[in-house]
Amino acid sequence: MKGIAGSKESNDCLITIESANSTTIEINSIVGAFFYDQIMETVKETLAENNITNVKVIVDDKGALDYTIKSRLLTAIERMKEDV
Amino acid sequence: MFRSLLFIPGNNPSMLQNADVFLTDAVIFDLEDAVSIKEKHNARNLVKNYLQTSTVLPKQVVLRVNSVDSIYFGEDIKLLKTKKIDYLLIPKMNKETMHKVDIVLNDFERKNNLEQIKLIALIETAQGINEIDYFAENKRLSALFLGGEDLANDLEIKRTDSNNEIHYARSRVIFSAVANGIIPIDTPYTDINNVEGLRKDSEQAKELGMKAKASIHPNQLEIINEVFSPSMDEIDWARDIVRLSKENSDIGVFQYKGKMIDKPIIEKAEKIINKAKQFGIM
């Protein structure tokens, strides 16, 4: 199962999430040097809030704020659930 | 109270994160026409999380939801739970739509213990214009908003710079709004780069009685705010009238620069002062 949401436009991010044997999070961000930990925290929090485990998450970030990352991840999760 | 309202597509993070800095009286976060079918969910999530987490929001927040007859309306109104939305903008308003929206919102507000949400009616069909007096008196409504482009489509006519084709609709919206003590809002001017056209269009709408105008680009706000604000000459005049009315409170009528001033003129002056204060001009 796989879900994708967002875009590579400025201030947005493209998030891909798919089923896996364990949870891994990959972050590629234009502001990763400054905000890697914060983005990681947002992703982990959102996954935990939605009881999501055993997924591979790839965040391709173009400077998105926390609420944008969370929103895109939520939509990607919903799309993954629909992808059966 | 509005002079200007700015549409922002609900799925555009760049515009969302700047929403509080635009010089507009209200921002309309659009979940309807500006969002494609497959992105409805995405846009709703984005606007919801923006409203929930942003510490600084626009002065007034309007949410344009999808049609009450669509499968999206029920999900759209869940954003009211954020308690950050001042008005819902309801598309394709007519008598039946108002009735349905009222029923759905009453039920939703009761179940979620929410206060009654105020509405802005987007009138963009011939049926909506014809039925305007049947729904404009609904207590939820704060404004009537003319959607000129969709109305022209419905009538199968071309929009022109003369605006002759929407003169009747503008007048219906204005008369119905004013008669019910709510705000008439004019249709956006869609030629974004035509500054003179925007000014002329705004002045024409104001002359007819429109009190505010929607915009589709931040660059339009300065002219719209200017046109729909009281001018400094009007404010000076109003100040004089209000001052003289207090000085002549024992008599009903007095003269100012050779012109008779009575109750309607004094009320007009008070409205100008009130508007100027609301918009931070004085």
# chains A, B, ... in the order shown; residues from 1 in each chain; ligands from 1
$ interface_residues --of "chain A" --to "chain B" --cutoff "9 Å" --atoms "only C-alpha atoms" --output "compact mmCIF listing (two decimals) with N, CA, C and O atoms, in the first residue's frame"
# COMPACT_ATOMS: atom_id res chain seq x y z
N ALA A 5 1.29 12.57 -1.24
CA ALA A 5 0.57 13.85 -1.15
C ALA A 5 1.56 15.01 -1.14
O ALA A 5 2.70 14.87 -0.70
N GLY A 6 1.09 16.15 -1.62
CA GLY A 6 1.90 17.37 -1.62
C GLY A 6 2.53 17.64 -2.97
O GLY A 6 2.12 17.08 -3.99
N GLU A 9 6.61 22.22 -4.95
CA GLU A 9 6.56 23.69 -5.03
C GLU A 9 7.22 24.29 -3.79
O GLU A 9 7.29 23.65 -2.75
N SER A 10 7.63 25.53 -3.91
CA SER A 10 8.21 26.23 -2.78
C SER A 10 7.23 26.28 -1.60
O SER A 10 6.02 26.46 -1.80
N ASN A 11 7.73 26.10 -0.40
CA ASN A 11 6.94 26.09 0.85
C ASN A 11 6.03 24.86 0.99
O ASN A 11 5.16 24.84 1.86
N ASP A 12 6.20 23.90 0.12
CA ASP A 12 5.40 22.66 0.20
C ASP A 12 6.35 21.48 0.39
O ASP A 12 7.58 21.67 0.49
N ALA A 64 8.57 23.64 3.75
CA ALA A 64 7.21 23.63 4.30
C ALA A 64 7.23 23.89 5.81
O ALA A 64 8.15 23.44 6.51
N LEU A 65 6.21 24.57 6.28
CA LEU A 65 6.05 24.76 7.72
C LEU A 65 5.48 23.47 8.33
O LEU A 65 4.98 22.61 7.62
N ASP A 66 5.53 23.40 9.66
CA ASP A 66 5.11 22.16 10.35
C ASP A 66 3.70 21.72 9.98
O ASP A 66 3.45 20.53 9.75
N TYR A 67 2.76 22.70 9.94
CA TYR A 67 1.37 22.31 9.66
C TYR A 67 1.21 21.77 8.25
O TYR A 67 0.34 20.93 7.98
N THR A 68 2.05 22.25 7.32
CA THR A 68 1.99 21.74 5.94
C THR A 68 2.51 20.30 5.90
O THR A 68 1.89 19.43 5.27
N ILE A 69 3.62 20.05 6.59
CA ILE A 69 4.17 18.69 6.63
C ILE A 69 3.15 17.73 7.24
O ILE A 69 2.89 16.65 6.70
N LYS A 70 2.56 18.16 8.35
CA LYS A 70 1.56 17.32 9.01
C LYS A 70 0.37 17.05 8.08
O LYS A 70 -0.10 15.91 7.97
N SER A 71 -0.11 18.10 7.42
CA SER A 71 -1.28 17.96 6.53
C SER A 71 -0.99 17.02 5.38
O SER A 71 -1.82 16.15 5.05
N ARG A 72 0.17 17.20 4.77
CA ARG A 72 0.52 16.33 3.63
C ARG A 72 0.68 14.88 4.07
O ARG A 72 0.27 13.95 3.36
N LEU A 74 -0.83 13.46 6.62
CA LEU A 74 -2.18 12.94 6.91
C LEU A 74 -2.88 12.50 5.63
O LEU A 74 -3.50 11.44 5.59
N THR A 75 -2.76 13.34 4.60
CA THR A 75 -3.40 12.98 3.32
C THR A 75 -2.73 11.75 2.72
O THR A 75 -3.41 10.86 2.18
N ALA A 76 -1.40 11.69 2.80
CA ALA A 76 -0.67 10.53 2.27
C ALA A 76 -1.11 9.26 3.00
O ALA A 76 -1.29 8.20 2.38
N GLU A 78 -4.03 8.76 4.46
CA GLU A 78 -5.40 8.43 3.99
C GLU A 78 -5.35 7.75 2.63
O GLU A 78 -6.07 6.77 2.38
$ atom_distance --atom1 "atom CA of Ala276 of chain B" --atom2 "atom CA of Val227 of chain B"
12.7 Å
$ residues_around --residues "segment 185-192 of chain B" --least-positions-apart "3" --cutoff "8 Å" --atoms "only C-alpha atoms" --output "list of chain:residue names"
B:Ala143, B:Leu144, B:Phe145, B:Leu146, B:Gly147, B:Gly148, B:Glu149, B:Arg170, B:Val195, B:Gly197, B:Leu198, B:Asp201, B:Ala205, B:Met210, B:Lys211, B:Ala212, B:Lys213, B:Ala214, B:Ser215, B:Ile216, B:His217, B:Asn219, B:Gln220
$ select_by_dssp --residues "chain A" --states "strand (DSSP E or B)" --output "ChimeraX atom specification"
/A:2-6,13-19,24-29,55-61
$ residues_around --residues "segment 20-27 of chain A" --least-positions-apart "4" --cutoff "9 Å" --atoms "only C-alpha atoms" --output "compact mmCIF listing (two decimals) with N, CA and C atoms, in the first residue's frame"
# COMPACT_ATOMS: atom_id res chain seq x y z
N GLY A 32 17.26 21.32 5.61
CA GLY A 32 17.57 20.22 6.52
C GLY A 32 18.66 20.55 7.53
N TYR A 36 16.10 19.70 10.32
CA TYR A 36 15.95 18.24 10.19
C TYR A 36 15.23 17.64 11.40
N ILE A 39 11.48 18.56 11.59
CA ILE A 39 10.68 17.84 10.59
C ILE A 39 10.49 16.39 11.05
N MET A 40 11.59 15.78 11.53
CA MET A 40 11.53 14.40 12.01
C MET A 40 10.50 14.26 13.14
N VAL A 43 6.93 14.43 11.83
CA VAL A 43 6.55 13.18 11.16
C VAL A 43 6.27 12.09 12.20
N LYS A 44 7.16 11.97 13.17
CA LYS A 44 6.98 10.92 14.21
C LYS A 44 5.70 11.16 15.01
N ILE A 52 0.18 4.73 13.34
CA ILE A 52 0.74 4.16 12.12
C ILE A 52 2.14 3.60 12.43
N THR A 53 2.33 2.33 12.15
CA THR A 53 3.65 1.70 12.32
C THR A 53 4.00 0.91 11.07
N ASN A 54 5.23 0.48 11.01
CA ASN A 54 5.72 -0.34 9.89
C ASN A 54 5.46 0.33 8.52
N VAL A 55 6.01 1.51 8.41
CA VAL A 55 5.88 2.24 7.13
C VAL A 55 7.23 2.88 6.77
N LYS A 56 7.40 3.10 5.49
CA LYS A 56 8.56 3.86 5.03
C LYS A 56 8.04 5.22 4.58
N VAL A 57 8.57 6.28 5.19
CA VAL A 57 8.13 7.64 4.86
C VAL A 57 9.29 8.40 4.21
N ILE A 58 9.02 8.99 3.07
CA ILE A 58 10.03 9.85 2.43
C ILE A 58 9.47 11.26 2.35
N VAL A 59 10.19 12.22 2.93
CA VAL A 59 9.76 13.62 2.90
C VAL A 59 10.70 14.39 1.99
N ASP A 60 10.14 14.92 0.91
CA ASP A 60 10.92 15.76 0.00
C ASP A 60 10.48 17.20 0.25
N ASP A 61 11.22 17.89 1.09
CA ASP A 61 10.74 19.18 1.63
C ASP A 61 11.34 20.39 0.90
$ atom_distance --atom1 "atom CA of Glu270 of chain B" --atom2 "atom CA of Ile241 of chain B"
8.5 Å
$ residues_around --residues "Ala179 of chain B" --least-positions-apart "6" --cutoff "12 Å" --atoms "only C-alpha atoms" --output "list of chain:residue names"
B:Ile132, B:Asp133, B:Ala136, B:Glu137, B:Ala143, B:Leu144, B:Ser171, B:Arg172, B:Val173, B:Gly209
$ atom_distance --atom1 "atom CA of Glu165 of chain B" --atom2 "atom CA of Tyr87 of chain B"
28.9 Å
$ decode --residues "segment 97-120 of chain B" --atoms "N, CA, C and O atoms" --output "PDB file, in the first residue's frame"
ATOM      1  N   THR B  97     -31.132  25.954  -1.199  1.00  0.00           N
ATOM      2  CA  THR B  97     -29.790  25.783  -0.620  1.00  0.00           C
ATOM      3  C   THR B  97     -29.751  26.346   0.798  1.00  0.00           C
ATOM      4  O   THR B  97     -29.223  25.710   1.720  1.00  0.00           O
ATOM      5  N   MET B  98     -30.323  27.545   0.971  1.00  0.00           N
ATOM      6  CA  MET B  98     -30.340  28.174   2.295  1.00  0.00           C
ATOM      7  C   MET B  98     -31.045  27.265   3.296  1.00  0.00           C
ATOM      8  O   MET B  98     -30.577  27.075   4.430  1.00  0.00           O
ATOM      9  N   HIS B  99     -32.142  26.693   2.869  1.00  0.00           N
ATOM     10  CA  HIS B  99     -32.934  25.812   3.740  1.00  0.00           C
ATOM     11  C   HIS B  99     -32.121  24.581   4.148  1.00  0.00           C
ATOM     12  O   HIS B  99     -32.031  24.225   5.327  1.00  0.00           O
ATOM     13  N   LYS B 100     -31.467  23.949   3.169  1.00  0.00           N
ATOM     14  CA  LYS B 100     -30.669  22.748   3.444  1.00  0.00           C
ATOM     15  C   LYS B 100     -29.491  23.080   4.353  1.00  0.00           C
ATOM     16  O   LYS B 100     -29.207  22.348   5.305  1.00  0.00           O
ATOM     17  N   VAL B 101     -28.804  24.175   4.041  1.00  0.00           N
ATOM     18  CA  VAL B 101     -27.621  24.562   4.823  1.00  0.00           C
ATOM     19  C   VAL B 101     -28.019  24.822   6.273  1.00  0.00           C
ATOM     20  O   VAL B 101     -27.331  24.407   7.211  1.00  0.00           O
ATOM     21  N   ASP B 102     -29.132  25.499   6.441  1.00  0.00           N
ATOM     22  CA  ASP B 102     -29.632  25.811   7.781  1.00  0.00           C
ATOM     23  C   ASP B 102     -29.876  24.520   8.586  1.00  0.00           C
ATOM     24  O   ASP B 102     -29.464  24.410   9.742  1.00  0.00           O
ATOM     25  N   ILE B 103     -30.514  23.561   7.945  1.00  0.00           N
ATOM     26  CA  ILE B 103     -30.822  22.294   8.633  1.00  0.00           C
ATOM     27  C   ILE B 103     -29.529  21.566   9.024  1.00  0.00           C
ATOM     28  O   ILE B 103     -29.351  21.134  10.164  1.00  0.00           O
ATOM     29  N   VAL B 104     -28.611  21.458   8.061  1.00  0.00           N
ATOM     30  CA  VAL B 104     -27.361  20.720   8.314  1.00  0.00           C
ATOM     31  C   VAL B 104     -26.538  21.421   9.398  1.00  0.00           C
ATOM     32  O   VAL B 104     -26.014  20.781  10.319  1.00  0.00           O
ATOM     33  N   LEU B 105     -26.443  22.750   9.315  1.00  0.00           N
ATOM     34  CA  LEU B 105     -25.628  23.478  10.297  1.00  0.00           C
ATOM     35  C   LEU B 105     -26.262  23.451  11.693  1.00  0.00           C
ATOM     36  O   LEU B 105     -25.549  23.313  12.691  1.00  0.00           O
ATOM     37  N   ASN B 106     -27.577  23.593  11.760  1.00  0.00           N
ATOM     38  CA  ASN B 106     -28.247  23.525  13.074  1.00  0.00           C
ATOM     39  C   ASN B 106     -27.922  22.209  13.768  1.00  0.00           C
ATOM     40  O   ASN B 106     -27.593  22.173  14.954  1.00  0.00           O
ATOM     41  N   ASP B 107     -27.993  21.136  13.010  1.00  0.00           N
ATOM     42  CA  ASP B 107     -27.722  19.806  13.555  1.00  0.00           C
ATOM     43  C   ASP B 107     -26.249  19.681  13.957  1.00  0.00           C
ATOM     44  O   ASP B 107     -25.927  19.210  15.053  1.00  0.00           O
ATOM     45  N   PHE B 108     -25.369  20.150  13.090  1.00  0.00           N
ATOM     46  CA  PHE B 108     -23.923  20.049  13.351  1.00  0.00           C
ATOM     47  C   PHE B 108     -23.526  20.875  14.579  1.00  0.00           C
ATOM     48  O   PHE B 108     -22.758  20.415  15.434  1.00  0.00           O
ATOM     49  N   GLU B 109     -24.063  22.070  14.668  1.00  0.00           N
ATOM     50  CA  GLU B 109     -23.728  22.952  15.805  1.00  0.00           C
ATOM     51  C   GLU B 109     -24.256  22.373  17.123  1.00  0.00           C
ATOM     52  O   GLU B 109     -23.573  22.437  18.146  1.00  0.00           O
ATOM     53  N   ARG B 110     -25.444  21.808  17.066  1.00  0.00           N
ATOM     54  CA  ARG B 110     -26.026  21.229  18.279  1.00  0.00           C
ATOM     55  C   ARG B 110     -25.196  20.024  18.750  1.00  0.00           C
ATOM     56  O   ARG B 110     -24.826  19.937  19.916  1.00  0.00           O
ATOM     57  N   LYS B 111     -24.844  19.143  17.826  1.00  0.00           N
ATOM     58  CA  LYS B 111     -24.085  17.938  18.186  1.00  0.00           C
ATOM     59  C   LYS B 111     -22.679  18.273  18.688  1.00  0.00           C
ATOM     60  O   LYS B 111     -22.100  17.519  19.473  1.00  0.00           O
ATOM     61  N   ASN B 112     -22.124  19.368  18.198  1.00  0.00           N
ATOM     62  CA  ASN B 112     -20.743  19.700  18.562  1.00  0.00           C
ATOM     63  C   ASN B 112     -20.649  20.883  19.524  1.00  0.00           C
ATOM     64  O   ASN B 112     -19.554  21.392  19.771  1.00  0.00           O
ATOM     65  N   ASN B 113     -21.808  21.292  20.033  1.00  0.00           N
ATOM     66  CA  ASN B 113     -21.841  22.379  21.018  1.00  0.00           C
ATOM     67  C   ASN B 113     -21.129  23.638  20.512  1.00  0.00           C
ATOM     68  O   ASN B 113     -20.287  24.221  21.207  1.00  0.00           O
ATOM     69  N   LEU B 114     -21.448  24.023  19.275  1.00  0.00           N
ATOM     70  CA  LEU B 114     -20.817  25.199  18.666  1.00  0.00           C
ATOM     71  C   LEU B 114     -21.826  26.340  18.586  1.00  0.00           C
ATOM     72  O   LEU B 114     -23.031  26.110  18.477  1.00  0.00           O
ATOM     73  N   GLU B 115     -21.312  27.561  18.616  1.00  0.00           N
ATOM     74  CA  GLU B 115     -22.190  28.723  18.416  1.00  0.00           C
ATOM     75  C   GLU B 115     -22.629  28.773  16.958  1.00  0.00           C
ATOM     76  O   GLU B 115     -21.981  28.197  16.080  1.00  0.00           O
ATOM     77  N   GLN B 116     -23.709  29.512  16.719  1.00  0.00           N
ATOM     78  CA  GLN B 116     -24.226  29.604  15.349  1.00  0.00           C
ATOM     79  C   GLN B 116     -23.221  30.330  14.444  1.00  0.00           C
ATOM     80  O   GLN B 116     -22.829  31.458  14.743  1.00  0.00           O
ATOM     81  N   ILE B 117     -22.816  29.674  13.370  1.00  0.00           N
ATOM     82  CA  ILE B 117     -21.848  30.278  12.433  1.00  0.00           C
ATOM     83  C   ILE B 117     -22.565  31.259  11.505  1.00  0.00           C
ATOM     84  O   ILE B 117     -23.675  31.003  11.059  1.00  0.00           O
ATOM     85  N   LYS B 118     -21.922  32.361  11.229  1.00  0.00           N
ATOM     86  CA  LYS B 118     -22.466  33.348  10.295  1.00  0.00           C
ATOM     87  C   LYS B 118     -22.133  32.922   8.859  1.00  0.00           C
ATOM     88  O   LYS B 118     -21.107  32.281   8.619  1.00  0.00           O
ATOM     89  N   LEU B 119     -22.982  33.313   7.933  1.00  0.00           N
ATOM     90  CA  LEU B 119     -22.798  32.924   6.533  1.00  0.00           C
ATOM     91  C   LEU B 119     -22.700  34.129   5.617  1.00  0.00           C
ATOM     92  O   LEU B 119     -23.239  35.197   5.914  1.00  0.00           O
ATOM     93  N   ILE B 120     -21.993  33.917   4.507  1.00  0.00           N
ATOM     94  CA  ILE B 120     -22.032  34.856   3.378  1.00  0.00           C
ATOM     95  C   ILE B 120     -22.605  34.066   2.204  1.00  0.00           C
ATOM     96  O   ILE B 120     -22.129  32.966   1.907  1.00  0.00           O
TER      97      ILE B 120
END
